[in-house]
file target-v8.txt (compact mmCIF, C-alpha atoms)
# COMPACT_ATOMS: atom_id res chain seq x y z
CA MET T 1 0.00 0.00 0.00
CA ALA T 2 1.37 3.35 -0.99
CA GLN T 3 2.66 5.33 1.93
CA GLN T 4 0.85 8.60 2.47
CA ILE T 5 3.29 11.42 1.89
CA SER T 6 1.20 14.43 1.01
CA SER T 7 0.84 17.42 3.31
CA THR T 8 -2.59 16.27 4.38
CA LYS T 9 -4.26 16.53 7.75
CA GLU T 10 -2.99 13.03 8.45
CA ASP T 11 0.57 14.28 8.17
CA THR T 12 -0.08 17.40 10.20
CA PRO T 13 1.06 16.70 13.74
CA SER T 14 -1.41 17.02 16.60
CA ARG T 15 0.87 19.44 18.47
CA PRO T 16 1.25 21.97 15.70
CA LEU T 17 4.15 24.37 15.28
CA THR T 18 6.27 22.44 17.75
CA ALA T 19 5.50 18.89 16.65
CA TRP T 20 5.72 19.32 12.86
CA PHE T 21 9.32 20.34 13.32
CA ASP T 22 10.14 17.15 15.21
CA VAL T 23 10.32 14.51 12.48
CA ARG T 24 12.04 11.74 14.46
CA LYS T 25 10.53 8.29 13.78
CA ARG T 26 8.14 9.82 11.24
CA ARG T 27 7.42 8.87 7.64
CA VAL T 28 8.93 10.54 4.61
CA GLY T 29 5.73 12.60 4.24
CA SER T 30 6.34 14.28 7.59
CA TRP T 31 9.93 15.04 6.58
CA ALA T 32 8.64 16.56 3.33
CA PHE T 33 6.00 18.55 5.23
CA ALA T 34 8.54 19.95 7.72
CA LEU T 35 11.17 20.66 5.07
CA ASN T 36 8.58 22.35 2.86
CA ARG T 37 7.74 24.71 5.72
CA LEU T 38 11.36 25.34 6.69
CA THR T 39 12.36 26.09 3.09
CA GLY T 40 9.26 28.27 2.74
CA LEU T 41 10.17 30.33 5.81
CA GLY T 42 13.77 30.61 4.60
CA LEU T 43 12.59 31.78 1.17
CA VAL T 44 10.29 34.39 2.72
CA LEU T 45 13.26 35.78 4.69
CA TYR T 46 15.37 35.73 1.55
CA LEU T 47 12.65 37.50 -0.47
CA PHE T 48 12.61 40.49 1.89
CA LEU T 49 16.42 40.51 2.15
CA HIS T 50 16.67 40.40 -1.66
CA LEU T 51 14.24 43.31 -2.04
CA ALA T 52 16.26 45.33 0.49
CA VAL T 53 19.55 44.57 -1.31
CA LEU T 54 18.06 45.63 -4.66
CA SER T 55 17.66 49.16 -3.27
CA LEU T 56 21.46 49.40 -3.65
CA LEU T 57 20.80 49.86 -7.36
CA VAL T 58 19.02 53.13 -6.63
CA GLN T 59 22.05 54.28 -4.58
CA GLY T 60 24.24 54.07 -7.67
CA GLU T 61 26.87 52.12 -9.52
CA GLU T 62 29.48 52.03 -6.76
CA ALA T 63 27.10 50.65 -4.13
CA TRP T 64 25.88 47.88 -6.47
CA ASP T 65 29.26 46.86 -7.82
CA GLN T 66 30.69 46.68 -4.27
CA PHE T 67 27.88 44.28 -3.38
CA VAL T 68 28.54 42.21 -6.52
CA ALA T 69 32.22 41.92 -5.56
CA LEU T 70 31.23 40.75 -2.06
CA ALA T 71 28.65 38.30 -3.45
CA LYS T 72 31.32 36.52 -5.49
CA ASN T 73 33.25 35.22 -2.49
CA PRO T 74 33.03 31.44 -1.85
CA LEU T 75 30.85 31.76 1.28
CA PHE T 76 28.21 33.71 -0.69
CA LEU T 77 28.43 31.19 -3.52
CA PHE T 78 27.85 28.36 -1.04
CA LEU T 79 24.83 30.24 0.34
CA ASP T 80 23.59 30.56 -3.26
CA VAL T 81 23.65 26.78 -3.54
CA VAL T 82 21.74 26.48 -0.23
CA LEU T 83 19.21 28.95 -1.62
CA ILE T 84 18.87 26.95 -4.85
CA PHE T 85 18.33 23.77 -2.78
CA GLY T 86 15.52 25.56 -0.92
CA LEU T 87 13.95 26.80 -4.15
CA LEU T 88 14.16 23.40 -5.83
CA PHE T 89 12.79 21.46 -2.86
CA HIS T 90 9.96 23.91 -2.24
CA ALA T 91 9.04 24.11 -5.94
CA LEU T 92 9.16 20.39 -6.71
CA ASN T 93 7.49 19.31 -3.47
CA GLY T 94 4.91 22.06 -4.09
CA ILE T 95 4.11 20.55 -7.49
CA ARG T 96 3.56 17.16 -5.83
CA VAL T 97 1.38 18.61 -3.06
CA ALA T 98 -0.68 20.58 -5.61
CA LEU T 99 -1.20 17.51 -7.81
CA VAL T 100 -2.19 15.33 -4.85
CA GLY T 101 -4.45 18.12 -3.57
CA MET T 102 -6.25 18.07 -6.92
CA GLY T 103 -6.66 14.30 -6.68
CA ILE T 104 -3.93 13.52 -9.23
CA GLY T 105 -1.44 10.74 -8.49
CA ILE T 106 -2.64 10.07 -4.95
CA LYS T 107 -1.75 6.38 -5.13
CA SER T 108 1.65 7.01 -6.71
CA GLN T 109 2.65 9.98 -4.61
CA ARG T 110 5.49 8.10 -2.92
CA SER T 111 7.17 7.30 -6.23
CA MET T 112 6.32 10.83 -7.42
CA PHE T 113 8.21 12.20 -4.40
CA TRP T 114 11.34 10.18 -5.19
CA ILE T 115 11.21 10.95 -8.94
CA LEU T 116 10.95 14.69 -8.18
CA ALA T 117 13.72 14.35 -5.56
CA ALA T 118 15.96 12.77 -8.23
CA ILE T 119 15.14 15.58 -10.70
CA GLY T 120 15.85 18.12 -7.95
CA ALA T 121 19.19 16.50 -7.11
CA ILE T 122 20.27 16.62 -10.79
CA LEU T 123 19.20 20.27 -11.13
CA LEU T 124 21.00 21.12 -7.87
CA VAL T 125 24.27 19.57 -9.08
CA ILE T 126 24.02 21.43 -12.42
CA SER T 127 23.17 24.71 -10.64
CA ALA T 128 26.01 24.33 -8.13
CA PHE T 129 28.42 23.68 -11.00
CA LEU T 130 27.23 26.84 -12.78
CA VAL T 131 27.38 28.92 -9.57
CA PHE T 132 31.00 27.96 -8.91
CA THR T 133 32.25 28.04 -12.49
CA LYS T 134 30.51 31.11 -13.99
CA MET Q 1 -29.63 27.68 6.58
CA THR Q 2 -28.24 28.73 9.97
CA SER Q 3 -25.69 31.51 10.42
CA ALA Q 4 -23.20 28.94 11.75
CA THR Q 5 -23.53 26.97 8.50
CA ILE Q 6 -23.07 30.12 6.41
CA THR Q 7 -19.97 31.07 8.43
CA ARG Q 8 -18.53 27.58 8.01
CA GLU Q 9 -19.21 27.68 4.26
CA LYS Q 10 -17.52 31.08 4.01
CA LYS Q 11 -14.45 29.69 5.80
CA ILE Q 12 -14.31 26.70 3.46
CA SER Q 13 -14.68 29.00 0.47
CA ARG Q 14 -11.89 31.28 1.74
CA ALA Q 15 -9.62 28.30 2.40
CA ALA Q 16 -10.28 26.99 -1.13
CA THR Q 17 -9.57 30.40 -2.65
CA LEU Q 18 -6.30 30.71 -0.73
CA TRP Q 19 -5.29 27.16 -1.73
CA ILE Q 20 -5.94 27.85 -5.42
CA THR Q 21 -4.05 31.16 -5.10
CA GLN Q 22 -1.09 29.25 -3.62
CA VAL Q 23 -1.09 26.73 -6.45
CA VAL Q 24 -1.42 29.30 -9.26
CA SER Q 25 1.12 31.72 -7.74
CA GLY Q 26 3.47 28.81 -7.03
CA LEU Q 27 3.37 27.67 -10.67
CA LEU Q 28 3.93 31.23 -11.91
CA LEU Q 29 6.86 31.60 -9.51
CA ILE Q 30 8.49 28.42 -10.81
CA VAL Q 31 8.41 29.81 -14.36
CA ILE Q 32 9.51 33.34 -13.40
CA LEU Q 33 12.25 32.17 -11.03
CA ALA Q 34 13.60 29.72 -13.62
CA LEU Q 35 13.84 32.61 -16.11
CA HIS Q 36 15.36 34.83 -13.41
CA MET Q 37 18.03 32.31 -12.39
CA ILE Q 38 19.01 31.58 -15.98
CA SER Q 39 19.05 35.18 -17.24
CA HIS Q 40 20.52 36.80 -14.10
CA HIS Q 41 23.02 34.19 -13.00
CA PHE Q 42 23.63 31.16 -15.20
CA VAL Q 43 24.25 32.83 -18.58
CA VAL Q 44 26.08 35.88 -17.18
CA GLU Q 45 29.86 35.83 -17.16
CA GLY Q 46 30.88 36.07 -13.49
CA GLY Q 47 27.44 34.89 -12.30
CA LEU Q 48 26.09 38.36 -11.45
CA ARG Q 49 25.31 41.36 -13.65
CA ASP Q 50 27.20 44.57 -12.97
CA TYR Q 51 25.34 47.87 -12.57
CA GLN Q 52 25.10 48.76 -16.27
CA GLN Q 53 24.09 45.20 -17.20
CA VAL Q 54 21.35 45.15 -14.54
CA LEU Q 55 19.93 48.47 -15.73
CA ALA Q 56 19.97 47.36 -19.37
CA TYR Q 57 18.16 44.16 -18.32
CA VAL Q 58 15.46 45.65 -16.05
CA GLN Q 59 14.72 48.49 -18.47
CA ASN Q 60 13.50 45.98 -21.03
CA PRO Q 61 9.65 46.47 -21.00
CA LEU Q 62 9.00 42.72 -20.91
CA VAL Q 63 11.34 42.29 -17.93
CA PHE Q 64 9.66 45.24 -16.19
CA VAL Q 65 6.27 43.51 -16.50
CA LEU Q 66 7.78 40.19 -15.36
CA GLU Q 67 9.31 41.88 -12.30
CA LEU Q 68 5.91 43.35 -11.36
CA VAL Q 69 4.20 39.96 -11.80
CA PHE Q 70 6.99 38.42 -9.71
CA ILE Q 71 6.58 40.85 -6.81
CA VAL Q 72 2.79 40.31 -6.72
CA THR Q 73 2.94 36.51 -6.93
CA ALA Q 74 5.92 36.14 -4.56
CA THR Q 75 4.34 38.41 -1.94
CA ALA Q 76 0.97 36.65 -2.12
CA HIS Q 77 2.54 33.18 -2.03
CA ALA Q 78 4.86 34.10 0.85
CA LEU Q 79 2.23 35.71 3.06
CA ILE Q 80 -0.42 33.02 2.49
CA GLY Q 81 2.22 30.42 3.40
CA VAL Q 82 3.28 32.27 6.55
CA ARG Q 83 -0.40 32.63 7.52
CA ALA Q 84 -0.93 28.87 7.19
CA ILE Q 85 2.03 28.14 9.48
CA ILE Q 86 0.98 30.69 12.10
CA LEU Q 87 -2.64 29.44 12.06
CA ASP Q 88 -1.33 26.05 13.21
CA ILE Q 89 -0.83 27.60 16.64
CA GLY Q 90 -4.61 27.53 16.98
CA LEU Q 91 -5.51 31.21 17.15
CA SER Q 92 -8.81 32.64 18.40
CA GLU Q 93 -11.11 34.29 15.83
CA GLY Q 94 -10.01 37.75 17.03
CA ALA Q 95 -6.32 36.85 16.76
CA LYS Q 96 -6.93 35.45 13.25
CA ARG Q 97 -8.50 38.73 12.16
CA THR Q 98 -5.53 40.66 13.62
CA LEU Q 99 -3.13 38.32 11.82
CA ASN Q 100 -4.97 38.81 8.53
CA TRP Q 101 -4.71 42.58 8.90
CA ILE Q 102 -1.02 42.49 9.81
CA LEU Q 103 -0.22 40.28 6.81
CA ALA Q 104 -2.36 42.44 4.52
CA VAL Q 105 -0.48 45.57 5.65
CA ILE Q 106 2.90 43.84 5.14
CA GLY Q 107 1.70 42.75 1.69
CA VAL Q 108 0.58 46.24 0.67
CA ILE Q 109 3.85 47.82 1.92
CA THR Q 110 5.87 45.19 0.03
CA LEU Q 111 3.91 45.77 -3.18
CA ILE Q 112 4.29 49.56 -2.92
CA TYR Q 113 8.04 49.18 -2.26
CA GLY Q 114 8.45 46.68 -5.12
CA ALA Q 115 6.52 48.88 -7.57
CA TRP Q 116 8.52 51.95 -6.48
CA LEU Q 117 11.79 50.06 -6.96
CA ALA Q 118 10.81 48.72 -10.39
CA ILE Q 119 9.72 52.18 -11.56
CA ALA Q 120 12.78 53.91 -10.02
CA LEU Q 121 15.07 51.55 -11.93
CA GLN Q 122 13.40 52.60 -15.20
CA GLN Q 123 14.37 56.20 -14.53
CA LEU Q 124 18.09 55.68 -13.79
call {"tool": "encode", "arguments": {"input": "target-v8.txt", "output": "C-alpha cells"}}
result
Amino acid sequence: MAQQISSTKEDTPSRPLTAWFDVRKRRVGSWAFALNRLTGLGLVLYLFLHLAVLSLLVQGEEAWDQFVALAKNPLFLFLDVVLIFGLLFHALNGIRVALVGMGIGIKSQRSMFWILAAIGAILLVISAFLVFTK
Amino acid sequence: MTSATITREKKISRAATLWITQVVSGLLLIVILALHMISHHFVVEGGLRDYQQVLAYVQNPLVFVLELVFIVTATAHALIGVRAIILDIGLSEGAKRTLNWILAVIGVITLIYGAWLAIALQQL
C-alpha cells in the first residue's frame, strides 16, 4: 500500500508548530511537510532581504558593484547553492502537493516524491556547477 | 440555513480560494524564477550582472512587466504560506483577524516598495 506522503491533515502533527518540526521516527511525508515549511520560511526571509539589497541599485553604480564583488566570495556562492536547494525542494514538493491536492497521483505519490527528488538533485548539481564556475 | 452553517461555508470558500491562489502563484513563480536564475546568473559571465548590465536588463519592458508579476505573486505566495504556518498555533477568531490585517499591511507595503523600486530603476 502506498505510503501517504502528502501534506494532508494526516501528516499534520497534533501538536502543531512544535510537533511538525520534530520529524524523528516519522514517515517521509512528515519530513517533506517539515522541510517544505522550513524552506518556505527561509525563502520568505530571503525575499525580503533580496528586495532590500536591490535598493542598492538606486544608490548608484558604486554601491551595487561593491555588493557584486562581495557576493562573489566562496561563502556567498555556497549560500547561493543552499538557496537553490531551498527553491528546488519547495518548488518540486509544491508541485507534488498541488497535484495530490487536486486528486492527481494520490496512489503514486510516494514514487512521485522520489522521482521529483531525483530531478531536484540533478538540477541542484548542475546549478552548483554553474554557480561555482561562472 | 443557519448563520453557523453560512460562516462555516464562508471559511471553506476562503480556504479553497487561498489554496488555489497558492497553487497558481506557485506555478507562476516556478516559471519566473527559472527565467530569473538563468538570465541573471547562469548565462552571465561572473554569475552576477554589474550595474550597467542590470539596468539594461530591467529596463526591457518585458522584464519590467515580469518583475511586477513576480513581486505580486511572490508576496501573495509568501504571506499566504506564513499565515498557514501561524494558524497552526490555533488562534482565536479575534487573533486570526488581527493576523490577517497584519499580513495584509505587510503585503501592501511590500507591493508599494516593489513597484517603487521597479519604476525607479526605469528612470536611472
call {"tool": "closest_atom_pairs", "arguments": {"input": "target-v8.txt", "of": "stretch 59-99 of chain Q", "to": "stretch 112-118 of chain Q", "cutoff": "12 Å", "atoms": "only C-alpha atoms", "output": "CSV"}}
result
residue,atom,partner,partner_atom,distance
Q:Gln59,CA,Q:Ala118,CA,9.0
Q:Asn60,CA,Q:Ala118,CA,11.3
Q:Pro61,CA,Q:Ala118,CA,10.9
Q:Val63,CA,Q:Ala118,CA,9.9
Q:Phe64,CA,Q:Ala118,CA,6.9
Q:Val65,CA,Q:Ala118,CA,9.2
Q:Leu66,CA,Q:Ala118,CA,10.3
Q:Glu67,CA,Q:Ala118,CA,7.3
Q:Leu68,CA,Q:Ala115,CA,6.7
Q:Val69,CA,Q:Ala115,CA,10.1
Q:Phe70,CA,Q:Gly114,CA,9.6
Q:Ile71,CA,Q:Gly114,CA,6.4
Q:Val72,CA,Q:Gly114,CA,8.7
Q:Thr73,CA,Q:Gly114,CA,11.7
Q:Ala74,CA,Q:Gly114,CA,10.9
Q:Thr75,CA,Q:Gly114,CA,9.8
call {"tool": "atom_distance", "arguments": {"input": "target-v8.txt", "atom1": "atom CA of Q:Ile32", "atom2": "atom CA of Q:Ile85"}}
result
24.6 Å
call {"tool": "interface_residues", "arguments": {"input": "target-v8.txt", "of": "chain Q", "to": "chain T", "cutoff": "10 Å", "atoms": "all atoms listed in the file", "output": "PDB file with C-alpha atoms, in the coordinates of the input"}}
result
ATOM      1  CA  TRP Q  19      -5.290  27.160  -1.730  1.00  0.00           C
ATOM      2  CA  ILE Q  20      -5.940  27.850  -5.420  1.00  0.00           C
ATOM      3  CA  GLN Q  22      -1.090  29.250  -3.620  1.00  0.00           C
ATOM      4  CA  VAL Q  23      -1.090  26.730  -6.450  1.00  0.00           C
ATOM      5  CA  VAL Q  24      -1.420  29.300  -9.260  1.00  0.00           C
ATOM      6  CA  GLY Q  26       3.470  28.810  -7.030  1.00  0.00           C
ATOM      7  CA  LEU Q  27       3.370  27.670 -10.670  1.00  0.00           C
ATOM      8  CA  LEU Q  29       6.860  31.600  -9.510  1.00  0.00           C
ATOM      9  CA  ILE Q  30       8.490  28.420 -10.810  1.00  0.00           C
ATOM     10  CA  LEU Q  33      12.250  32.170 -11.030  1.00  0.00           C
ATOM     11  CA  ALA Q  34      13.600  29.720 -13.620  1.00  0.00           C
ATOM     12  CA  MET Q  37      18.030  32.310 -12.390  1.00  0.00           C
ATOM     13  CA  ILE Q  38      19.010  31.580 -15.980  1.00  0.00           C
ATOM     14  CA  HIS Q  41      23.020  34.190 -13.000  1.00  0.00           C
ATOM     15  CA  PHE Q  42      23.630  31.160 -15.200  1.00  0.00           C
ATOM     16  CA  VAL Q  43      24.250  32.830 -18.580  1.00  0.00           C
ATOM     17  CA  VAL Q  44      26.080  35.880 -17.180  1.00  0.00           C
ATOM     18  CA  GLU Q  45      29.860  35.830 -17.160  1.00  0.00           C
ATOM     19  CA  GLY Q  46      30.880  36.070 -13.490  1.00  0.00           C
ATOM     20  CA  GLY Q  47      27.440  34.890 -12.300  1.00  0.00           C
ATOM     21  CA  LEU Q  48      26.090  38.360 -11.450  1.00  0.00           C
ATOM     22  CA  ARG Q  49      25.310  41.360 -13.650  1.00  0.00           C
ATOM     23  CA  ASP Q  50      27.200  44.570 -12.970  1.00  0.00           C
ATOM     24  CA  TYR Q  51      25.340  47.870 -12.570  1.00  0.00           C
ATOM     25  CA  GLN Q  52      25.100  48.760 -16.270  1.00  0.00           C
ATOM     26  CA  VAL Q  54      21.350  45.150 -14.540  1.00  0.00           C
ATOM     27  CA  LEU Q  55      19.930  48.470 -15.730  1.00  0.00           C
ATOM     28  CA  ILE Q  71       6.580  40.850  -6.810  1.00  0.00           C
ATOM     29  CA  ALA Q  74       5.920  36.140  -4.560  1.00  0.00           C
ATOM     30  CA  THR Q  75       4.340  38.410  -1.940  1.00  0.00           C
ATOM     31  CA  HIS Q  77       2.540  33.180  -2.030  1.00  0.00           C
ATOM     32  CA  ALA Q  78       4.860  34.100   0.850  1.00  0.00           C
ATOM     33  CA  LEU Q  79       2.230  35.710   3.060  1.00  0.00           C
ATOM     34  CA  GLY Q  81       2.220  30.420   3.400  1.00  0.00           C
ATOM     35  CA  VAL Q  82       3.280  32.270   6.550  1.00  0.00           C
ATOM     36  CA  ALA Q  84      -0.930  28.870   7.190  1.00  0.00           C
ATOM     37  CA  ILE Q  85       2.030  28.140   9.480  1.00  0.00           C
ATOM     38  CA  ILE Q  86       0.980  30.690  12.100  1.00  0.00           C
ATOM     39  CA  LEU Q  87      -2.640  29.440  12.060  1.00  0.00           C
ATOM     40  CA  ASP Q  88      -1.330  26.050  13.210  1.00  0.00           C
ATOM     41  CA  ILE Q  89      -0.830  27.600  16.640  1.00  0.00           C
ATOM     42  CA  GLY Q  90      -4.610  27.530  16.980  1.00  0.00           C
ATOM     43  CA  THR Q 110       5.870  45.190   0.030  1.00  0.00           C
ATOM     44  CA  TYR Q 113       8.040  49.180  -2.260  1.00  0.00           C
ATOM     45  CA  GLY Q 114       8.450  46.680  -5.120  1.00  0.00           C
ATOM     46  CA  LEU Q 117      11.790  50.060  -6.960  1.00  0.00           C
ATOM     47  CA  ALA Q 118      10.810  48.720 -10.390  1.00  0.00           C
ATOM     48  CA  ALA Q 120      12.780  53.910 -10.020  1.00  0.00           C
ATOM     49  CA  LEU Q 121      15.070  51.550 -11.930  1.00  0.00           C
ATOM     50  CA  GLN Q 123      14.370  56.200 -14.530  1.00  0.00           C
ATOM     51  CA  LEU Q 124      18.090  55.680 -13.790  1.00  0.00           C
TER      52      LEU Q 124
END
call {"tool": "atom_distance", "arguments": {"input": "target-v8.txt", "atom1": "atom CA of T:Val82", "atom2": "atom CA of Q:Ser25"}}
result
22.6 Å
call {"tool": "closest_residue", "arguments": {"input": "target-v8.txt", "among": "Q:Ser3, Q:Arg83, Q:Glu93, Q:Ile12", "to": "Q:Ile106", "atoms": "only C-alpha atoms"}}
result
Q:Arg83
call {"tool": "atom_distance", "arguments": {"input": "target-v8.txt", "atom1": "atom CA of Q:Trp101", "atom2": "atom CA of Q:Thr17"}}
result
17.5 Å
call {"tool": "closest_residue", "arguments": {"input": "target-v8.txt", "among": "Q:Ala56, Q:Ile80, Q:Gly107, Q:Ser92", "to": "Q:Arg14", "atoms": "all atoms listed in the file"}}
result
Q:Ile80
call {"tool": "axis_aligned_box", "arguments": {"input": "target-v8.txt", "around": "stretch 103-121 of chain Q", "padding_each_side": "5 Å", "output": "JSON"}}
result
{"center_x": 6.4, "center_y": 47.1, "center_z": -2.6, "size_x": 27.4, "size_y": 23.6, "size_z": 28.7}
call {"tool": "residues_near_point", "arguments": {"input": "target-v8.txt", "point": "(11.6, 10.6, -2.0)", "cutoff": "12 Å", "atoms": "only C-alpha atoms", "output": "VMD selection string"}}
result
chain T and resid 3 to 6 27 to 32 89 92 to 93 96 108 to 121
call {"tool": "closest_residue", "arguments": {"input": "target-v8.txt", "among": "Q:Ser39, Q:Val58, Q:Ala76, Q:Leu28", "to": "Q:Val108", "atoms": "all atoms listed in the file"}}
result
Q:Ala76
call {"tool": "decode", "arguments": {"input": "target-v8.txt", "residues": "stretch 5-32 of chain Q", "atoms": "N, CA and C atoms", "output": "PDB file, in the first residue's frame"}}
result
ATOM      1  N   THR Q   5     -23.807  27.689   9.745  1.00  0.00           N
ATOM      2  CA  THR Q   5     -23.528  26.969   8.502  1.00  0.00           C
ATOM      3  C   THR Q   5     -22.952  27.920   7.454  1.00  0.00           C
ATOM      4  N   ILE Q   6     -23.559  29.126   7.386  1.00  0.00           N
ATOM      5  CA  ILE Q   6     -23.070  30.118   6.411  1.00  0.00           C
ATOM      6  C   ILE Q   6     -21.625  30.493   6.730  1.00  0.00           C
ATOM      7  N   THR Q   7     -21.333  30.712   8.028  1.00  0.00           N
ATOM      8  CA  THR Q   7     -19.967  31.070   8.432  1.00  0.00           C
ATOM      9  C   THR Q   7     -18.991  29.962   8.062  1.00  0.00           C
ATOM     10  N   ARG Q   8     -19.412  28.701   8.323  1.00  0.00           N
ATOM     11  CA  ARG Q   8     -18.529  27.577   8.011  1.00  0.00           C
ATOM     12  C   ARG Q   8     -18.285  27.498   6.504  1.00  0.00           C
ATOM     13  N   GLU Q   9     -19.358  27.724   5.721  1.00  0.00           N
ATOM     14  CA  GLU Q   9     -19.206  27.676   4.259  1.00  0.00           C
ATOM     15  C   GLU Q   9     -18.291  28.794   3.768  1.00  0.00           C
ATOM     16  N   LYS Q  10     -18.394  29.960   4.391  1.00  0.00           N
ATOM     17  CA  LYS Q  10     -17.517  31.076   4.012  1.00  0.00           C
ATOM     18  C   LYS Q  10     -16.059  30.724   4.286  1.00  0.00           C
ATOM     19  N   LYS Q  11     -15.829  30.078   5.447  1.00  0.00           N
ATOM     20  CA  LYS Q  11     -14.451  29.689   5.803  1.00  0.00           C
ATOM     21  C   LYS Q  11     -13.899  28.681   4.812  1.00  0.00           C
ATOM     22  N   ILE Q  12     -14.745  27.716   4.425  1.00  0.00           N
ATOM     23  CA  ILE Q  12     -14.307  26.700   3.462  1.00  0.00           C
ATOM     24  C   ILE Q  12     -14.000  27.359   2.126  1.00  0.00           C
ATOM     25  N   SER Q  13     -14.874  28.297   1.726  1.00  0.00           N
ATOM     26  CA  SER Q  13     -14.679  29.002   0.466  1.00  0.00           C
ATOM     27  C   SER Q  13     -13.388  29.816   0.493  1.00  0.00           C
ATOM     28  N   ARG Q  14     -13.123  30.494   1.628  1.00  0.00           N
ATOM     29  CA  ARG Q  14     -11.891  31.284   1.745  1.00  0.00           C
ATOM     30  C   ARG Q  14     -10.666  30.368   1.680  1.00  0.00           C
ATOM     31  N   ALA Q  15     -10.751  29.238   2.400  1.00  0.00           N
ATOM     32  CA  ALA Q  15      -9.617  28.297   2.403  1.00  0.00           C
ATOM     33  C   ALA Q  15      -9.347  27.789   0.988  1.00  0.00           C
ATOM     34  N   ALA Q  16     -10.441  27.489   0.245  1.00  0.00           N
ATOM     35  CA  ALA Q  16     -10.284  26.987  -1.127  1.00  0.00           C
ATOM     36  C   ALA Q  16      -9.657  28.059  -2.019  1.00  0.00           C
ATOM     37  N   THR Q  17     -10.118  29.295  -1.848  1.00  0.00           N
ATOM     38  CA  THR Q  17      -9.568  30.404  -2.652  1.00  0.00           C
ATOM     39  C   THR Q  17      -8.081  30.583  -2.376  1.00  0.00           C
ATOM     40  N   LEU Q  18      -7.710  30.541  -1.090  1.00  0.00           N
ATOM     41  CA  LEU Q  18      -6.302  30.706  -0.728  1.00  0.00           C
ATOM     42  C   LEU Q  18      -5.462  29.548  -1.275  1.00  0.00           C
ATOM     43  N   TRP Q  19      -6.024  28.334  -1.229  1.00  0.00           N
ATOM     44  CA  TRP Q  19      -5.288  27.162  -1.728  1.00  0.00           C
ATOM     45  C   TRP Q  19      -5.045  27.298  -3.231  1.00  0.00           C
ATOM     46  N   ILE Q  20      -6.091  27.685  -3.965  1.00  0.00           N
ATOM     47  CA  ILE Q  20      -5.940  27.852  -5.420  1.00  0.00           C
ATOM     48  C   ILE Q  20      -4.940  28.971  -5.714  1.00  0.00           C
ATOM     49  N   THR Q  21      -5.006  30.052  -4.921  1.00  0.00           N
ATOM     50  CA  THR Q  21      -4.053  31.155  -5.102  1.00  0.00           C
ATOM     51  C   THR Q  21      -2.624  30.658  -4.894  1.00  0.00           C
ATOM     52  N   GLN Q  22      -2.429  29.811  -3.869  1.00  0.00           N
ATOM     53  CA  GLN Q  22      -1.093  29.253  -3.616  1.00  0.00           C
ATOM     54  C   GLN Q  22      -0.599  28.425  -4.798  1.00  0.00           C
ATOM     55  N   VAL Q  23      -1.490  27.600  -5.333  1.00  0.00           N
ATOM     56  CA  VAL Q  23      -1.093  26.728  -6.453  1.00  0.00           C
ATOM     57  C   VAL Q  23      -0.753  27.558  -7.691  1.00  0.00           C
ATOM     58  N   VAL Q  24      -1.637  28.495  -8.036  1.00  0.00           N
ATOM     59  CA  VAL Q  24      -1.419  29.300  -9.257  1.00  0.00           C
ATOM     60  C   VAL Q  24      -0.180  30.179  -9.104  1.00  0.00           C
ATOM     61  N   SER Q  25      -0.056  30.850  -7.937  1.00  0.00           N
ATOM     62  CA  SER Q  25       1.121  31.723  -7.737  1.00  0.00           C
ATOM     63  C   SER Q  25       2.393  30.885  -7.680  1.00  0.00           C
ATOM     64  N   GLY Q  26       2.304  29.693  -7.108  1.00  0.00           N
ATOM     65  CA  GLY Q  26       3.465  28.807  -7.029  1.00  0.00           C
ATOM     66  C   GLY Q  26       3.948  28.410  -8.418  1.00  0.00           C
ATOM     67  N   LEU Q  27       2.994  28.058  -9.300  1.00  0.00           N
ATOM     68  CA  LEU Q  27       3.366  27.672 -10.669  1.00  0.00           C
ATOM     69  C   LEU Q  27       3.980  28.852 -11.420  1.00  0.00           C
ATOM     70  N   LEU Q  28       3.374  30.028 -11.263  1.00  0.00           N
ATOM     71  CA  LEU Q  28       3.930  31.230 -11.909  1.00  0.00           C
ATOM     72  C   LEU Q  28       5.343  31.506 -11.409  1.00  0.00           C
ATOM     73  N   LEU Q  29       5.539  31.338 -10.091  1.00  0.00           N
ATOM     74  CA  LEU Q  29       6.858  31.603  -9.506  1.00  0.00           C
ATOM     75  C   LEU Q  29       7.919  30.643 -10.045  1.00  0.00           C
ATOM     76  N   ILE Q  30       7.522  29.390 -10.261  1.00  0.00           N
ATOM     77  CA  ILE Q  30       8.487  28.416 -10.808  1.00  0.00           C
ATOM     78  C   ILE Q  30       8.981  28.896 -12.171  1.00  0.00           C
ATOM     79  N   VAL Q  31       8.038  29.341 -13.017  1.00  0.00           N
ATOM     80  CA  VAL Q  31       8.409  29.808 -14.364  1.00  0.00           C
ATOM     81  C   VAL Q  31       9.265  31.082 -14.266  1.00  0.00           C
ATOM     82  N   ILE Q  32       8.799  32.054 -13.479  1.00  0.00           N
ATOM     83  CA  ILE Q  32       9.508  33.342 -13.396  1.00  0.00           C
ATOM     84  C   ILE Q  32      10.888  33.169 -12.763  1.00  0.00           C
TER      85      ILE Q  32
END
